[in-house]
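Below is the file protein37.tsv, which contains TSV, C-alpha atoms.
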```tsv
chain	number	residue	atom	x	y	z
A	294	MET	CA	6.94	8.48	-21.50
A	295	LEU	CA	3.83	9.63	-19.74
A	296	LEU	CA	4.52	7.21	-16.89
A	297	LEU	CA	8.13	8.36	-16.69
A	298	TYR	CA	6.88	11.91	-16.30
A	299	VAL	CA	4.47	10.76	-13.61
A	300	ILE	CA	7.15	8.92	-11.64
A	301	ILE	CA	9.64	11.78	-11.81
A	302	GLY	CA	7.06	14.52	-11.44
A	303	GLY	CA	5.31	12.64	-8.69
A	304	PHE	CA	8.35	12.97	-6.49
A	305	MET	CA	9.27	16.54	-7.45
A	306	VAL	CA	6.15	18.69	-7.45
A	307	PRO	CA	5.26	20.43	-4.24
A	308	VAL	CA	2.32	18.84	-2.48
A	309	PRO	CA	0.15	20.39	0.21
A	310	VAL	CA	0.58	18.96	3.69
A	311	ILE	CA	-2.67	17.37	4.72
A	312	GLY	CA	-3.13	15.82	8.12
A	313	ASN	CA	-0.40	13.40	9.00
A	314	ASN	CA	0.26	12.44	5.39
A	315	GLN	CA	3.41	14.52	5.00
A	316	GLN	CA	5.31	13.43	1.91
A	317	ALA	CA	3.34	10.19	1.71
A	318	ALA	CA	0.67	12.31	0.02
A	319	ARG	CA	2.67	11.71	-3.14
A	320	SER	CA	1.31	8.17	-3.13
A	321	ILE	CA	-1.88	9.63	-4.60
A	322	PHE	CA	-0.13	9.76	-7.98
A	323	PHE	CA	0.21	5.98	-7.98
A	324	HIS	CA	-2.66	4.78	-5.80
A	325	LEU	CA	-5.51	6.59	-7.58
A	326	PRO	CA	-4.56	5.69	-11.19
A	327	MET	CA	-4.75	2.01	-10.20
A	328	TRP	CA	-8.46	2.45	-9.60
A	329	MET	CA	-8.96	4.44	-12.78
A	330	ALA	CA	-7.25	1.69	-14.78
A	331	MET	CA	-9.33	-0.92	-12.95
A	332	TYR	CA	-12.59	0.88	-13.73
A	333	THR	CA	-11.62	1.22	-17.38
A	334	LEU	CA	-10.67	-2.45	-17.74
A	335	LEU	CA	-13.71	-3.75	-15.92
A	336	THR	CA	-15.90	-1.51	-18.09
A	337	ILE	CA	-14.26	-3.03	-21.18
A	338	SER	CA	-14.93	-6.43	-19.62
A	339	VAL	CA	-18.64	-5.84	-18.97
A	340	VAL	CA	-19.22	-4.22	-22.37
A	341	ASN	CA	-17.73	-7.29	-24.04
A	342	SER	CA	-19.79	-9.60	-21.83
A	343	ILE	CA	-23.00	-7.85	-22.90
A	344	TRP	CA	-21.76	-7.90	-26.46
A	345	TYR	CA	-21.15	-11.64	-26.15
A	346	LEU	CA	-24.69	-12.21	-24.88
A	347	ALA	CA	-26.01	-10.26	-27.84
A	348	THR	CA	-23.93	-11.92	-30.55
A	349	ASN	CA	-22.77	-15.28	-29.10
A	350	ASP	CA	-19.31	-14.54	-30.47
A	351	LEU	CA	-16.70	-16.32	-28.34
A	352	LYS	CA	-14.05	-13.73	-29.18
A	353	LYS	CA	-16.01	-11.23	-27.12
A	354	ASP	CA	-15.97	-13.63	-24.20
A	355	VAL	CA	-12.21	-14.00	-24.48
A	356	ARG	CA	-11.90	-10.21	-24.40
A	357	ALA	CA	-14.15	-9.96	-21.38
A	358	SER	CA	-12.11	-12.52	-19.46
A	359	SER	CA	-8.78	-10.89	-20.32
A	360	ALA	CA	-10.00	-7.45	-19.34
A	361	GLY	CA	-11.46	-8.89	-16.14
A	362	SER	CA	-8.18	-10.55	-15.24
A	363	VAL	CA	-6.07	-7.44	-15.81
A	364	GLY	CA	-8.72	-5.34	-14.06
A	365	VAL	CA	-8.39	-7.53	-10.99
A	366	LEU	CA	-4.60	-7.17	-11.18
A	367	PHE	CA	-4.96	-3.40	-11.00
A	368	GLY	CA	-7.55	-3.70	-8.27
A	369	VAL	CA	-5.23	-5.85	-6.18
A	370	MET	CA	-2.38	-3.39	-6.75
A	371	GLY	CA	-4.62	-0.52	-5.71
A	372	PHE	CA	-5.62	-2.41	-2.61
A	373	LEU	CA	-2.04	-3.34	-1.66
A	374	THR	CA	-0.79	0.21	-2.16
A	375	GLY	CA	-3.72	1.47	-0.10
A	376	MET	CA	-2.82	-0.97	2.66
A	377	LEU	CA	0.75	0.29	2.83
A	378	TRP	CA	-0.39	3.89	2.78
A	379	ALA	CA	-2.97	3.25	5.50
A	380	THR	CA	-0.38	1.62	7.72
A	381	TYR	CA	1.57	4.86	7.98
A	382	THR	CA	-1.26	7.39	8.00
A	383	TRP	CA	-4.26	5.69	9.55
A	384	GLY	CA	-2.31	3.48	11.90
A	385	GLY	CA	-3.47	0.13	10.59
A	386	THR	CA	-3.15	-1.99	7.48
A	387	ILE	CA	-6.84	-2.89	7.33
A	388	VAL	CA	-8.86	-0.35	9.26
A	389	ASN	CA	-12.54	0.20	9.78
A	390	ASP	CA	-12.86	2.29	6.66
A	391	PRO	CA	-16.01	1.78	4.56
A	392	LYS	CA	-14.26	2.35	1.25
A	393	GLN	CA	-11.59	-0.21	2.07
A	394	MET	CA	-14.19	-2.73	3.18
A	395	THR	CA	-16.49	-2.31	0.19
A	396	THR	CA	-13.54	-2.44	-2.18
A	397	ALA	CA	-12.41	-5.69	-0.60
A	398	ILE	CA	-15.92	-7.07	-1.20
A	399	ALA	CA	-15.95	-5.86	-4.82
A	400	LEU	CA	-12.54	-7.42	-5.44
A	401	ALA	CA	-13.68	-10.70	-3.90
A	402	ILE	CA	-16.69	-10.66	-6.25
A	403	TYR	CA	-14.40	-10.22	-9.24
A	404	MET	CA	-11.99	-12.91	-8.05
A	405	ALA	CA	-15.00	-15.19	-7.82
A	406	TYR	CA	-15.69	-14.29	-11.46
A	407	LEU	CA	-12.25	-15.57	-12.45
A	408	VAL	CA	-12.67	-18.71	-10.33
A	409	LEU	CA	-16.13	-19.27	-11.81
A	410	ARG	CA	-14.65	-19.18	-15.29
A	411	MET	CA	-12.14	-21.88	-14.39
A	412	SER	CA	-14.81	-24.20	-13.02
A	413	PHE	CA	-16.46	-24.86	-16.39
A	414	THR	CA	-15.25	-27.38	-18.91
A	415	ASP	CA	-17.83	-26.57	-21.55
A	416	ILE	CA	-16.67	-23.44	-23.31
A	417	ASP	CA	-20.08	-22.12	-24.41
A	418	LYS	CA	-21.65	-22.64	-21.03
A	419	ARG	CA	-18.66	-20.99	-19.38
A	420	ALA	CA	-18.97	-17.98	-21.66
A	421	ARG	CA	-22.69	-17.52	-21.11
A	422	VAL	CA	-22.77	-18.02	-17.33
A	423	SER	CA	-19.71	-15.88	-16.67
A	424	ALA	CA	-21.01	-13.12	-18.95
A	425	ILE	CA	-24.20	-12.92	-16.91
A	426	TYR	CA	-22.21	-13.06	-13.67
A	427	ASN	CA	-19.97	-10.28	-14.97
A	428	VAL	CA	-22.94	-7.99	-15.57
A	429	PHE	CA	-24.09	-8.51	-11.97
A	430	ALA	CA	-20.55	-8.03	-10.64
A	431	PHE	CA	-20.22	-4.74	-12.48
A	432	ALA	CA	-23.62	-3.61	-11.24
A	433	LEU	CA	-22.31	-4.19	-7.71
A	434	LEU	CA	-18.86	-2.73	-8.29
A	435	ILE	CA	-19.98	0.83	-8.99
A	436	PRO	CA	-22.22	1.36	-5.94
A	437	LEU	CA	-19.84	-0.57	-3.68
A	438	THR	CA	-16.69	1.32	-4.56
A	439	TYR	CA	-18.00	4.65	-5.77
A	440	ILE	CA	-21.40	5.56	-4.34
A	441	ILE	CA	-21.70	4.03	-0.87
A	442	PRO	CA	-18.30	5.26	0.41
A	443	ARG	CA	-19.24	8.81	-0.54
A	444	THR	CA	-22.41	8.81	1.47
A	445	VAL	CA	-20.96	7.63	4.78
A	446	ASP	CA	-18.15	8.84	7.00
A	447	SER	CA	-14.84	7.56	5.79
A	448	LEU	CA	-11.17	8.05	6.38
A	449	HIS	CA	-10.75	8.40	2.64
A	450	PRO	CA	-10.81	11.91	1.21
A	451	GLY	CA	-13.96	12.82	-0.66
A	452	SER	CA	-16.48	11.16	1.64
A	453	ALA	CA	-19.37	12.67	3.58
A	454	SER	CA	-17.20	13.96	6.43
A	455	SER	CA	-13.79	14.53	4.86
A	456	PRO	CA	-12.92	16.99	2.11
A	457	GLY	CA	-11.26	15.88	-1.09
A	458	PHE	CA	-7.62	16.46	-1.86
A	459	SER	CA	-8.46	18.89	-4.66
A	460	ASP	CA	-9.53	21.68	-2.27
A	461	LYS	CA	-6.04	21.88	-0.82
A	462	ASP	CA	-4.29	21.75	-4.18
A	463	THR	CA	-3.83	25.49	-4.38
A	464	ALA	CA	-1.08	25.52	-6.99
A	465	GLY	CA	-2.79	22.94	-9.18
A	466	THR	CA	0.34	20.81	-9.17
A	467	ILE	CA	-1.44	17.64	-8.12
A	468	LYS	CA	-3.76	17.86	-11.10
A	469	MET	CA	-0.81	18.42	-13.40
A	470	VAL	CA	0.66	15.04	-12.50
A	471	LEU	CA	-2.51	13.17	-11.65
A	472	TRP	CA	-4.19	13.44	-15.03
A	473	PRO	CA	-1.19	12.14	-16.99
A	474	ALA	CA	-0.98	9.42	-14.35
A	475	PHE	CA	-4.58	8.39	-15.02
A	476	ILE	CA	-4.00	8.27	-18.76
A	477	GLY	CA	-0.60	6.58	-18.48
A	478	PHE	CA	-1.62	3.78	-16.12
A	479	THR	CA	-4.88	3.19	-17.98
A	480	LEU	CA	-2.98	2.83	-21.26
A	481	LEU	CA	-0.52	0.47	-19.56
A	482	GLY	CA	-3.47	-1.59	-18.36
A	483	ILE	CA	-5.03	-1.67	-21.81
A	484	TRP	CA	-1.71	-2.75	-23.30
A	485	ILE	CA	-1.38	-5.66	-20.84
A	486	TYR	CA	-5.00	-6.54	-21.62
A	487	THR	CA	-4.31	-6.74	-25.36
A	488	LEU	CA	-1.28	-8.95	-24.65
A	489	ARG	CA	-3.37	-11.32	-22.60
A	490	ASN	CA	-6.15	-11.21	-25.15
A	491	ARG	CA	-3.76	-12.16	-27.93
A	492	TYR	CA	-2.40	-15.04	-25.86
A	493	LYS	CA	-5.88	-16.35	-25.10
A	494	ARG	CA	-6.92	-16.13	-28.73
A	495	LEU	CA	-3.83	-18.09	-29.73
A	496	ALA	CA	-4.54	-20.70	-27.09
A	497	LEU	CA	-8.12	-21.13	-28.29
A	498	LYS	CA	-7.28	-20.84	-31.96
A	499	ASN	CA	-8.85	-24.19	-32.88
A	500	ILE	CA	-12.15	-23.25	-31.32
A	501	LEU	CA	-12.27	-19.64	-32.44
A	502	HIS	CA	-11.18	-20.36	-36.02
A	503	GLY	CA	-8.44	-17.75	-36.04
B	126	MET	CA	14.52	-22.01	-19.47
B	127	VAL	CA	15.10	-18.38	-20.28
B	128	ASN	CA	12.07	-17.65	-18.16
B	129	ARG	CA	13.47	-19.48	-15.20
B	130	ILE	CA	16.69	-17.54	-15.50
B	131	SER	CA	14.99	-14.18	-15.85
B	132	PHE	CA	12.73	-14.98	-12.94
B	133	SER	CA	15.61	-15.98	-10.69
B	134	ILE	CA	17.49	-12.84	-11.70
B	135	PHE	CA	14.43	-10.82	-10.79
B	136	THR	CA	14.11	-12.56	-7.44
B	137	ALA	CA	17.79	-12.04	-6.73
B	138	LEU	CA	17.42	-8.35	-7.57
B	139	MET	CA	14.48	-8.03	-5.23
B	140	LEU	CA	16.47	-9.71	-2.48
B	141	LEU	CA	19.35	-7.35	-3.15
B	142	VAL	CA	17.02	-4.38	-2.92
B	143	THR	CA	15.72	-5.63	0.41
B	144	ALA	CA	19.27	-6.09	1.64
B	145	VAL	CA	20.21	-2.57	0.56
B	146	PHE	CA	17.10	-1.18	2.18
B	147	GLY	CA	18.03	-3.03	5.34
B	148	GLN	CA	21.46	-1.42	5.35
B	149	GLU	CA	20.03	2.02	4.90
B	150	ASN	CA	17.64	1.22	7.67
B	151	ALA	CA	20.27	1.01	10.35
B	152	GLU	CA	21.60	4.44	9.44
B	153	THR	CA	18.29	6.20	9.19
B	154	VAL	CA	16.90	4.80	12.40
B	155	GLN	CA	19.07	7.17	14.41
B	156	GLN	CA	18.03	10.20	12.40
B	157	ALA	CA	14.40	9.27	12.32
B	158	ALA	CA	13.13	10.89	15.44
B	159	THR	CA	9.74	11.72	13.99
B	160	GLN	CA	6.97	13.03	16.15
B	161	GLN	CA	4.28	10.53	15.36
B	162	ASN	CA	6.02	7.25	15.93
B	163	THR	CA	3.25	5.30	17.49
B	164	GLU	CA	4.87	1.97	16.77
B	165	THR	CA	8.50	1.09	17.10
B	166	GLY	CA	10.73	-1.30	15.24
B	167	PRO	CA	13.17	-0.59	12.44
B	168	VAL	CA	10.67	-1.04	9.60
B	169	ASN	CA	8.19	1.39	11.06
B	170	GLU	CA	10.82	3.98	11.81
B	171	PHE	CA	12.26	3.61	8.33
B	172	PHE	CA	8.94	4.30	6.65
B	173	ARG	CA	8.30	7.28	8.89
B	174	SER	CA	11.71	8.83	8.26
B	175	ASN	CA	12.22	11.68	5.78
B	176	SER	CA	8.61	12.83	6.08
B	177	LYS	CA	7.23	9.42	5.11
B	178	ILE	CA	8.56	9.67	1.56
B	179	TYR	CA	9.40	5.94	1.66
B	180	VAL	CA	5.71	5.14	1.79
B	181	ALA	CA	5.43	6.52	-1.74
B	182	VAL	CA	8.56	4.59	-2.74
B	183	GLY	CA	7.16	1.42	-1.26
B	184	ILE	CA	3.95	1.90	-3.19
B	185	LEU	CA	5.88	2.19	-6.45
B	186	VAL	CA	7.79	-0.98	-5.56
B	187	ILE	CA	4.50	-2.82	-4.99
B	188	ILE	CA	3.10	-1.68	-8.35
B	189	PHE	CA	6.27	-2.54	-10.22
B	190	SER	CA	6.59	-5.99	-8.69
B	191	CYS	CA	2.91	-6.84	-9.22
B	192	ILE	CA	3.02	-5.89	-12.90
B	193	THR	CA	6.29	-7.77	-13.35
B	194	ILE	CA	4.98	-10.93	-11.67
B	195	TYR	CA	1.86	-10.80	-13.85
B	196	LEU	CA	3.87	-10.37	-17.05
B	197	VAL	CA	6.33	-13.12	-16.10
B	198	ARG	CA	3.43	-15.51	-15.55
B	199	LEU	CA	1.95	-14.52	-18.92
B	200	ASP	CA	5.35	-15.06	-20.50
B	201	ARG	CA	5.51	-18.58	-19.06
B	202	LYS	CA	2.06	-19.39	-20.40
B	203	ILE	CA	3.06	-18.19	-23.85
B	204	SER	CA	6.21	-20.33	-23.74
B	205	ARG	CA	4.13	-23.35	-22.81
B	206	LEU	CA	1.91	-22.64	-25.80
B	207	GLU	CA	4.95	-22.36	-28.05
B	208	LYS	CA	6.26	-25.71	-26.84
B	209	GLU	CA	3.00	-27.47	-27.62
B	210	LYS	CA	3.22	-26.63	-31.29
```
Could the structure of this file be written out as structure tokens, please?
Amino acid sequence: MLLLYVIIGGFMVPVPVIGNNQQAARSIFFHLPMWMAMYTLLTISVVNSIWYLATNDLKKDVRASSAGSVGVLFGVMGFLTGMLWATYTWGGTIVNDPKQMTTAIALAIYMAYLVLRMSFTDIDKRARVSAIYNVFAFALLIPLTYIIPRTVDSLHPGSASSPGFSDKDTAGTIKMVLWPAFIGFTLLGIWIYTLRNRYKRLALKNILHG
Amino acid sequence: MVNRISFSIFTALMLLVTAVFGQENAETVQQAATQQNTETGPVNEFFRSNSKIYVAVGILVIIFSCITIYLVRLDRKISRLEKEK
């Protein structure tokens, strides 16, 4: 329901005209929640990885891998939507934008996490090594995607040289749709994560003992 | 088997959507005399028409198809698991 409201509201509310965005500014309602969902899922992933290292419970490792996988899905969606948006506002699919570059690096790190997991045959070794890798990946994700882009000049709003969208949102209509969008897409992500988690637990039933 | 069918239906739908978009394209190209057309070509002009609203539409299409592809793959894996038992 929340997502329905976002999709309908996202196309109906008045948005301020910023730069050459025109009506494409409405993409913010779908592009930004991808990242919020990704951050949430990857946080779930890293918490479970640390939890696994503390307890050696393989169920935690299964959770970490499912959350990581769905997190990467949302990251890829965020990146693809950003690419389309950039094509028609910045004049290039992949431009020299620091946030885009660092996000690509962060996503590559997380894809390597998923590939790393597949390369092990021993399940305990896989769990331990990938849990440690996951902690490092998360420690890189936050500065790469959140801190560094804010300190340098970027084409993205909210960097050192460009103002954020919120300053221009005089009627507060963006916020009215954006916050439900964050919650809605994050919940959708968590739901897909539980589906994948249940599947993985079924697949490894013999090892996990139910 | 059901998966295969649903997947092919999905693909066919996507193809249909592209075809419909293509049709619309030809009509909107004439109207789309936007100021900032730096590149030409029907696709570019289509996305820049109507104040770039189709960029937002395209983004929704990307999100929808990514989630669907992911879920279809998960569905297939579950079916494989069911068959093993």
Please return, as a compact mmCIF listing (two decimals) with C-alpha atoms, in the frame of the given file, all polymer residues that have at least one atom within 12 Å of the point (-21.0, -8.4, -18.7); use only C-alpha atoms and the file's own coordinate frame.
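Output (part.txt):
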```txt
# COMPACT_ATOMS: atom_id res chain seq x y z
CA LEU A 334 -10.67 -2.45 -17.74
CA LEU A 335 -13.71 -3.75 -15.92
CA THR A 336 -15.90 -1.51 -18.09
CA ILE A 337 -14.26 -3.03 -21.18
CA SER A 338 -14.93 -6.43 -19.62
CA VAL A 339 -18.64 -5.84 -18.97
CA VAL A 340 -19.22 -4.22 -22.37
CA ASN A 341 -17.73 -7.29 -24.04
CA SER A 342 -19.79 -9.60 -21.83
CA ILE A 343 -23.00 -7.85 -22.90
CA TRP A 344 -21.76 -7.90 -26.46
CA TYR A 345 -21.15 -11.64 -26.15
CA LEU A 346 -24.69 -12.21 -24.88
CA ALA A 347 -26.01 -10.26 -27.84
CA LYS A 353 -16.01 -11.23 -27.12
CA ASP A 354 -15.97 -13.63 -24.20
CA VAL A 355 -12.21 -14.00 -24.48
CA ARG A 356 -11.90 -10.21 -24.40
CA ALA A 357 -14.15 -9.96 -21.38
CA SER A 358 -12.11 -12.52 -19.46
CA ALA A 360 -10.00 -7.45 -19.34
CA GLY A 361 -11.46 -8.89 -16.14
CA TYR A 403 -14.40 -10.22 -9.24
CA TYR A 406 -15.69 -14.29 -11.46
CA ALA A 420 -18.97 -17.98 -21.66
CA ARG A 421 -22.69 -17.52 -21.11
CA VAL A 422 -22.77 -18.02 -17.33
CA SER A 423 -19.71 -15.88 -16.67
CA ALA A 424 -21.01 -13.12 -18.95
CA ILE A 425 -24.20 -12.92 -16.91
CA TYR A 426 -22.21 -13.06 -13.67
CA ASN A 427 -19.97 -10.28 -14.97
CA VAL A 428 -22.94 -7.99 -15.57
CA PHE A 429 -24.09 -8.51 -11.97
CA ALA A 430 -20.55 -8.03 -10.64
CA PHE A 431 -20.22 -4.74 -12.48
CA ALA A 432 -23.62 -3.61 -11.24
CA LEU A 433 -22.31 -4.19 -7.71
```
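In terms of minimum interatomic distance to chain B, A:Val363 ranks closest within A:Val363, A:Leu297, A:Met394, A:Ile483, counting only C-alpha atoms.
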Q: Could you tell me which of A:Phe372, A:Trp484, A:Trp472, A:Trp378 comes closest to chain B if we count only C-alpha atoms?
A: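 That would be A:Trp378, the residue with the smallest distance to chain B.
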Q. Which residue, B:Pro167, B:Lys208, B:Ile194, B:Leu199, has the smallest gap to chain A when you use all atoms listed in the file?
A.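 So, comparing all the options, the nearest one is B:Leu199.
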Give me the chain B side of the contact with chain A, cut-off 10 Å, one line per residue showing its nearest atom pair and distance in Å at one decimal, counting all atoms listed in the file, sorted by chain and residue number, as a tab-separated table.
```
residue	atom	partner	partner_atom	distance
B:Gln161	CA	A:Asn313	CA	8.4
B:Asn162	CA	A:Tyr381	CA	9.4
B:Thr163	CA	A:Gly384	CA	8.1
B:Glu164	CA	A:Gly384	CA	8.8
B:Asn169	CA	A:Tyr381	CA	8.1
B:Phe172	CA	A:Tyr381	CA	7.5
B:Arg173	CA	A:Tyr381	CA	7.2
B:Asn175	CA	A:Gln316	CA	8.1
B:Ser176	CA	A:Gln316	CA	5.4
B:Lys177	CA	A:Ala317	CA	5.2
B:Ile178	CA	A:Gln316	CA	5.0
B:Tyr179	CA	A:Ala317	CA	7.4
B:Val180	CA	A:Ala317	CA	5.6
B:Ala181	CA	A:Ser320	CA	4.7
B:Val182	CA	A:Ser320	CA	8.1
B:Gly183	CA	A:Leu377	CA	7.7
B:Ile184	CA	A:Thr374	CA	5.1
B:Leu185	CA	A:Phe323	CA	7.0
B:Val186	CA	A:Thr374	CA	9.3
B:Ile187	CA	A:Thr374	CA	6.7
B:Ile188	CA	A:Met370	CA	6.0
B:Phe189	CA	A:Met370	CA	9.4
B:Ser190	CA	A:Met370	CA	9.5
B:Cys191	CA	A:Met370	CA	6.8
B:Ile192	CA	A:Leu366	CA	7.9
B:Tyr195	CA	A:Leu366	CA	7.9
B:Leu196	CA	A:Ile485	CA	8.0
B:Leu199	CA	A:Arg489	CA	7.2
B:Asp200	CA	A:Tyr492	CA	9.4
B:Lys202	CA	A:Tyr492	CA	8.3
B:Ile203	CA	A:Tyr492	CA	6.6
B:Leu206	CA	A:Ala496	CA	6.9
B:Glu207	CA	A:Ala496	CA	9.7
```
Take the selection from the previous step and output its residues with C-alpha atoms, as a PDB file, keeping the file's coordinate frame.
```pdb
ATOM      1  CA  GLN B 161       4.280  10.530  15.360  1.00  0.00           C
ATOM      2  CA  ASN B 162       6.020   7.250  15.930  1.00  0.00           C
ATOM      3  CA  THR B 163       3.250   5.300  17.490  1.00  0.00           C
ATOM      4  CA  GLU B 164       4.870   1.970  16.770  1.00  0.00           C
ATOM      5  CA  ASN B 169       8.190   1.390  11.060  1.00  0.00           C
ATOM      6  CA  PHE B 172       8.940   4.300   6.650  1.00  0.00           C
ATOM      7  CA  ARG B 173       8.300   7.280   8.890  1.00  0.00           C
ATOM      8  CA  ASN B 175      12.220  11.680   5.780  1.00  0.00           C
ATOM      9  CA  SER B 176       8.610  12.830   6.080  1.00  0.00           C
ATOM     10  CA  LYS B 177       7.230   9.420   5.110  1.00  0.00           C
ATOM     11  CA  ILE B 178       8.560   9.670   1.560  1.00  0.00           C
ATOM     12  CA  TYR B 179       9.400   5.940   1.660  1.00  0.00           C
ATOM     13  CA  VAL B 180       5.710   5.140   1.790  1.00  0.00           C
ATOM     14  CA  ALA B 181       5.430   6.520  -1.740  1.00  0.00           C
ATOM     15  CA  VAL B 182       8.560   4.590  -2.740  1.00  0.00           C
ATOM     16  CA  GLY B 183       7.160   1.420  -1.260  1.00  0.00           C
ATOM     17  CA  ILE B 184       3.950   1.900  -3.190  1.00  0.00           C
ATOM     18  CA  LEU B 185       5.880   2.190  -6.450  1.00  0.00           C
ATOM     19  CA  VAL B 186       7.790  -0.980  -5.560  1.00  0.00           C
ATOM     20  CA  ILE B 187       4.500  -2.820  -4.990  1.00  0.00           C
ATOM     21  CA  ILE B 188       3.100  -1.680  -8.350  1.00  0.00           C
ATOM     22  CA  PHE B 189       6.270  -2.540 -10.220  1.00  0.00           C
ATOM     23  CA  SER B 190       6.590  -5.990  -8.690  1.00  0.00           C
ATOM     24  CA  CYS B 191       2.910  -6.840  -9.220  1.00  0.00           C
ATOM     25  CA  ILE B 192       3.020  -5.890 -12.900  1.00  0.00           C
ATOM     26  CA  TYR B 195       1.860 -10.800 -13.850  1.00  0.00           C
ATOM     27  CA  LEU B 196       3.870 -10.370 -17.050  1.00  0.00           C
ATOM     28  CA  LEU B 199       1.950 -14.520 -18.920  1.00  0.00           C
ATOM     29  CA  ASP B 200       5.350 -15.060 -20.500  1.00  0.00           C
ATOM     30  CA  LYS B 202       2.060 -19.390 -20.400  1.00  0.00           C
ATOM     31  CA  ILE B 203       3.060 -18.190 -23.850  1.00  0.00           C
ATOM     32  CA  LEU B 206       1.910 -22.640 -25.800  1.00  0.00           C
ATOM     33  CA  GLU B 207       4.950 -22.360 -28.050  1.00  0.00           C
TER      34      GLU B 207
END
```
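A straight line drawn from CA of Asp417 (chain A) to CA of Asn349 (chain A) is 8.7 Å long.
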Q: Might you pull out every residue within 6 Å of region 435-440 of chain A, with all atoms listed in the file counted and same-chain residues fewer than 3 positions away left off, and present them as a PyMOL selection string?
A: chain A and resi 395-396+443
Q. Interatomic distance between CA of Leu325 (chain A) and CA of Thr487 (chain A)?
A. 22.3 Å
(Q) With distances taken over only C-alpha atoms, which residue among A:Pro326, A:Gly368, A:Pro442, A:Pro473 lies nearest Ala401 (chain A)? (A)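 Smallest separation from Ala401 (chain A) among the options: A:Gly368.
Note that the spacing between CA of Val168 (chain B) and CA of Ile387 (chain A) amounts to 17.8 Å.
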